[in-house]
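Asker: I am attaching a structure below and will ask some questions about it afterwards.
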Amino acid sequence: MSSGSSPKVVVAADAAAFAEMAARRLVDRVTQKDRAAICLTGGSSPQDLYRLLGEEPWRAEVPWDRVHWFMGDDRFVPEHDPLSNMGMARRLFLDRVRPPRQNIHPIPTDANDPETAARRYEEDLKSFHAAQRLDPSRPLFDLVLMGLGSDGHTASLFPNSPALDDKAHWVVGVAKAGMEPFVPRVTLTFPALASTREMLFLVEGSGKRSIFSRVMSGEDLPAHRAYSNGDLIWLVDRAAAPGQ
Ligand code: 6PG
């Protein structure tokens, strides 16, 4: 939240409403454009949303041929590994719907090392965006989904990591994760994540209540540093929302 638009908090009554509200926001974003780009997130919080996207009635609402799917961060493991974020998204909806292959943009975790994967993914993003530089008036993404870790991390941007201050790259390798699973990661940087019409944080469950309060109170945590050139929405369920 260091710059960009001010955050808006939206509270969902329960887990079902939480996933439905996220699905509605996603569908609204993808139906506004001839070609839309969504940046997905890992973790457990988006899983109900991903399931909805693979099932009716939501499935029919997505113009699959016109939507491209990226990942904001991934664990440096093969896609068939249960830890893989893209593997999870494929199992929950992409493999069920089977959009055109070229519309799915996994982080290439088959590269030799996380930094090489980061360089390749940055090229993929630049080629998709047909630009070498990010321009706040021409967002890369239509929607960026974000999670909140219990230590305040988001994507694979962990507290005290040099990646937090990287303004030169769109994507970086993270040799050491700050939280489990302790596998190297590849993550988009704040400027790349901010290049969106909407950034949507998904925060679910009572286990997130304390860290969500800390982020909202302005503590210098990675999730607090995240910003958006477009809208910045925090979708939280009642269990995670303080005072609910
Ligand atoms: C990852 C994630 C990460 C996640 C948070 C929240 O690869 O681990 O992308 O940033 O979003 O850790 O995860 P949960 O939703 O599981 O709490």
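Ordering of the structure tokens sets the chain letters (A, B, ...), residue numbers begin anew at 1 in every chain, and ligands are numbered from 1 in the order given.
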Taking the backbone alone, and naming residues the way the document does, which bits of region 19-107 of chain A are alpha helix (DSSP H) by DSSP, as a short mmCIF file (atom, residue, chain, number, x, y, z; two decimals) with N, CA and C atoms, in the first residue's frame?
Answerer:
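The result, written out as selection-v8.cif:
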data_model
loop_
_atom_site.label_atom_id
_atom_site.label_comp_id
_atom_site.auth_asym_id
_atom_site.auth_seq_id
_atom_site.Cartn_x
_atom_site.Cartn_y
_atom_site.Cartn_z
N ALA A 19 -15.87 -17.11 -1.96
CA ALA A 19 -15.48 -17.63 -3.28
C ALA A 19 -16.36 -17.04 -4.38
N GLU A 20 -17.66 -16.90 -4.10
CA GLU A 20 -18.58 -16.35 -5.11
C GLU A 20 -18.25 -14.88 -5.42
N MET A 21 -17.90 -14.14 -4.37
CA MET A 21 -17.58 -12.72 -4.59
C MET A 21 -16.29 -12.58 -5.40
N ALA A 22 -15.33 -13.44 -5.13
CA ALA A 22 -14.09 -13.41 -5.91
C ALA A 22 -14.37 -13.80 -7.36
N ALA A 23 -15.23 -14.81 -7.56
CA ALA A 23 -15.55 -15.24 -8.92
C ALA A 23 -16.25 -14.11 -9.69
N ARG A 24 -17.14 -13.42 -9.01
CA ARG A 24 -17.86 -12.32 -9.67
C ARG A 24 -16.89 -11.23 -10.11
N ARG A 25 -15.94 -10.90 -9.24
CA ARG A 25 -14.97 -9.85 -9.59
C ARG A 25 -14.12 -10.31 -10.79
N LEU A 26 -13.71 -11.58 -10.77
CA LEU A 26 -12.88 -12.09 -11.87
C LEU A 26 -13.65 -12.06 -13.19
N VAL A 27 -14.88 -12.56 -13.15
CA VAL A 27 -15.68 -12.59 -14.38
C VAL A 27 -15.92 -11.18 -14.89
N ASP A 28 -16.20 -10.25 -13.99
CA ASP A 28 -16.42 -8.86 -14.43
C ASP A 28 -15.18 -8.32 -15.13
N ARG A 29 -14.02 -8.64 -14.61
CA ARG A 29 -12.78 -8.15 -15.23
C ARG A 29 -12.53 -8.79 -16.59
N VAL A 30 -12.74 -10.08 -16.71
CA VAL A 30 -12.38 -10.74 -17.98
C VAL A 30 -13.39 -10.46 -19.09
N GLN A 47 -8.49 -21.59 -3.41
CA GLN A 47 -8.86 -22.89 -3.96
C GLN A 47 -10.36 -23.04 -4.23
N ASP A 48 -11.20 -22.47 -3.35
CA ASP A 48 -12.64 -22.57 -3.62
C ASP A 48 -13.01 -21.77 -4.87
N LEU A 49 -12.34 -20.63 -5.04
CA LEU A 49 -12.57 -19.84 -6.26
C LEU A 49 -12.19 -20.66 -7.49
N TYR A 50 -11.03 -21.30 -7.45
CA TYR A 50 -10.59 -22.07 -8.61
C TYR A 50 -11.57 -23.20 -8.92
N ARG A 51 -12.08 -23.84 -7.85
CA ARG A 51 -13.07 -24.91 -8.09
C ARG A 51 -14.31 -24.35 -8.78
N LEU A 52 -14.75 -23.18 -8.33
CA LEU A 52 -15.95 -22.58 -8.94
C LEU A 52 -15.73 -22.32 -10.43
N LEU A 53 -14.54 -21.83 -10.77
CA LEU A 53 -14.28 -21.50 -12.18
C LEU A 53 -14.37 -22.72 -13.08
N ASN A 85 2.13 -24.39 -7.38
CA ASN A 85 0.93 -23.54 -7.46
C ASN A 85 0.22 -23.72 -8.79
N MET A 86 0.98 -23.76 -9.89
CA MET A 86 0.32 -23.93 -11.19
C MET A 86 -0.30 -25.32 -11.28
N GLY A 87 0.37 -26.32 -10.70
CA GLY A 87 -0.20 -27.67 -10.68
C GLY A 87 -1.56 -27.65 -9.98
N MET A 88 -1.63 -26.91 -8.88
CA MET A 88 -2.90 -26.81 -8.13
C MET A 88 -3.98 -26.15 -8.99
N ALA A 89 -3.62 -25.04 -9.65
CA ALA A 89 -4.61 -24.35 -10.49
C ALA A 89 -5.07 -25.25 -11.64
N ASP A 95 -7.32 -27.84 -15.99
CA ASP A 95 -7.38 -29.16 -16.64
C ASP A 95 -8.82 -29.58 -16.92
N ARG A 96 -9.74 -29.04 -16.16
CA ARG A 96 -11.15 -29.40 -16.37
C ARG A 96 -11.71 -28.66 -17.57
N VAL A 97 -11.29 -27.39 -17.73
CA VAL A 97 -11.87 -26.56 -18.79
C VAL A 97 -11.09 -26.70 -20.10
#
Asker: Would you mind listing, for every residue of chain A within 7 Å of ligand 1, the two atoms forming the shortest contact and the distance between them in Å to one decimal, using only C-alpha atoms and all ligand atoms, sorted by chain and ascending residue number, as a tab-separated table?
Answerer:
residue	atom	partner	partner_atom_place_in_ligand_line	distance
A:Thr41	CA	ligand 1	9 (O)	4.8
A:Gly42	CA	ligand 1	9 (O)	3.7
A:Gly43	CA	ligand 1	16 (O)	3.4
A:Ser44	CA	ligand 1	16 (O)	3.7
A:Ser45	CA	ligand 1	15 (O)	3.7
A:Pro46	CA	ligand 1	15 (O)	6.6
A:Gly72	CA	ligand 1	9 (O)	6.9
A:Asp73	CA	ligand 1	9 (O)	5.5
A:Asp74	CA	ligand 1	7 (O)	5.2
A:Arg75	CA	ligand 1	7 (O)	6.0
A:Asn85	CA	ligand 1	7 (O)	6.1
A:Met146	CA	ligand 1	11 (O)	5.9
A:Gly147	CA	ligand 1	11 (O)	3.4
A:Leu148	CA	ligand 1	6 (C)	4.4
A:Gly149	CA	ligand 1	12 (O)	3.9
A:His153	CA	ligand 1	10 (O)	6.2
A:Thr154	CA	ligand 1	10 (O)	4.2
A:Ala155	CA	ligand 1	10 (O)	3.5
A:Ser156	CA	ligand 1	10 (O)	5.2
Asker: Check the smallest atom-to-atom distance from each of A:Ala194, A:Met71, A:Ala13, A:Ile233 to Pro139 (chain A) using only C-alpha atoms, then report the winner.
Answerer: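 Once distances to Pro139 (chain A) are computed over only C-alpha atoms, the minimum belongs to A:Ala194.
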Asker: Would you mind telling me which residue in A:Ser150, A:Asn112, A:Ser6, A:Gln132 lies nearest to Ser206 (chain A) when using only C-alpha atoms?
Answerer: A:Ser150
Asker: Pick from A:Phe70, A:Trp234, A:Phe128, A:Phe93: nearest to Ile107 (chain A), with only C-alpha atoms counted?
Answerer: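 Ranking A:Phe70, A:Trp234, A:Phe128, A:Phe93 by distance to Ile107 (chain A), first place goes to A:Phe70.
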Asker: If you run DSSP over the backbone, which residues in region 138-219 of chain A end up strand (DSSP E)? Put them as a ChimeraX atom specification.
Answerer: /A:143-146,171-174,185-188,198-203
Asker: Those same residues, written as a short mmCIF file (atom, residue, chain, number, x, y, z; two decimals), in the first residue's frame with C-alpha atoms?
Answerer:
data_model
loop_
_atom_site.label_atom_id
_atom_site.label_comp_id
_atom_site.auth_asym_id
_atom_site.auth_seq_id
_atom_site.Cartn_x
_atom_site.Cartn_y
_atom_site.Cartn_z
CA LEU A 143 -6.69 -8.83 -12.20
CA VAL A 144 -3.92 -9.90 -9.83
CA LEU A 145 -4.91 -12.29 -7.04
CA MET A 146 -2.80 -12.14 -3.87
CA VAL A 171 10.33 -11.41 -11.85
CA VAL A 172 13.06 -12.66 -9.50
CA GLY A 173 14.31 -15.95 -8.11
CA VAL A 174 14.07 -16.44 -4.34
CA ARG A 185 10.62 -19.76 -5.24
CA VAL A 186 10.14 -17.54 -8.27
CA THR A 187 8.05 -14.41 -7.75
CA LEU A 188 6.83 -11.35 -9.52
CA GLU A 198 -7.33 -4.58 -9.95
CA MET A 199 -5.35 -6.29 -7.21
CA LEU A 200 -7.53 -8.60 -5.13
CA PHE A 201 -6.20 -9.97 -1.84
CA LEU A 202 -7.95 -13.13 -0.66
CA VAL A 203 -7.82 -13.54 3.11
#
Asker: Write out as a list in words the residues lying within 12 Å of Asp151 (chain A), counting only C-alpha atoms and excluding same-chain residues fewer than 3 positions away.
Answerer: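 So, after excluding close chain neighbours, the residues are Gly147, Leu148, Thr154, Ser156, Leu157, Phe158, Pro159, Asn160, Ala177, Gly178, Met179, Glu180, Gly207, Lys208, Ser210, Ile211, Phe212, Arg214, Val215, Glu219, Asp220, Leu221, Pro222, Ala223 and His224 of chain A.
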Asker: Would you please work out which residue, of A:Ala111, A:Ser213, A:Arg197, A:Val11, is nearest to Asp231 (chain A) when using only C-alpha atoms?
Answerer: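 Among the listed residues, A:Arg197 lies closest to Asp231 (chain A).
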Asker: What's the separation between CA of Ala12 (chain A) and CA of Ser217 (chain A), in Å to one decimal place?
Answerer: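 Distance reported for this atom pair: 20.3 Å.
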Asker: Have a look at CA of Arg101 (chain A) and CA of Ala118 (chain A) and let me know their distance in Å, one decimal.
Answerer: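 Distance reported for this atom pair: 20.5 Å.
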Asker: Closest to Phe190 (chain A) among A:Pro63, A:Pro82, A:Pro108, A:Pro162, using only C-alpha atoms?
Answerer: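 Between A:Pro63, A:Pro82, A:Pro108, A:Pro162, the residue approaching Phe190 (chain A) most closely is A:Pro162.
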Asker: Restricting the calculation to only C-alpha atoms, which member of A:Thr116, A:Thr196, A:Gln102, A:Ser137 is positioned closest to Gly230 (chain A)?
Answerer: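 The answer is A:Thr196, which sits nearest to Gly230 (chain A).
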Asker: Find the spatial neighbours of Asn103 (chain A), counting only C-alpha atoms, within a cut-off of 7 Å - ignore same-chain residues fewer than 6 positions away - and output them as a ChimeraX atom specification.
Answerer: /A:67-69
Asker: One number please: CA of Leu140 (chain A) to CA of Leu125 (chain A), in Å, one decimal.
Answerer: 8.2 Å
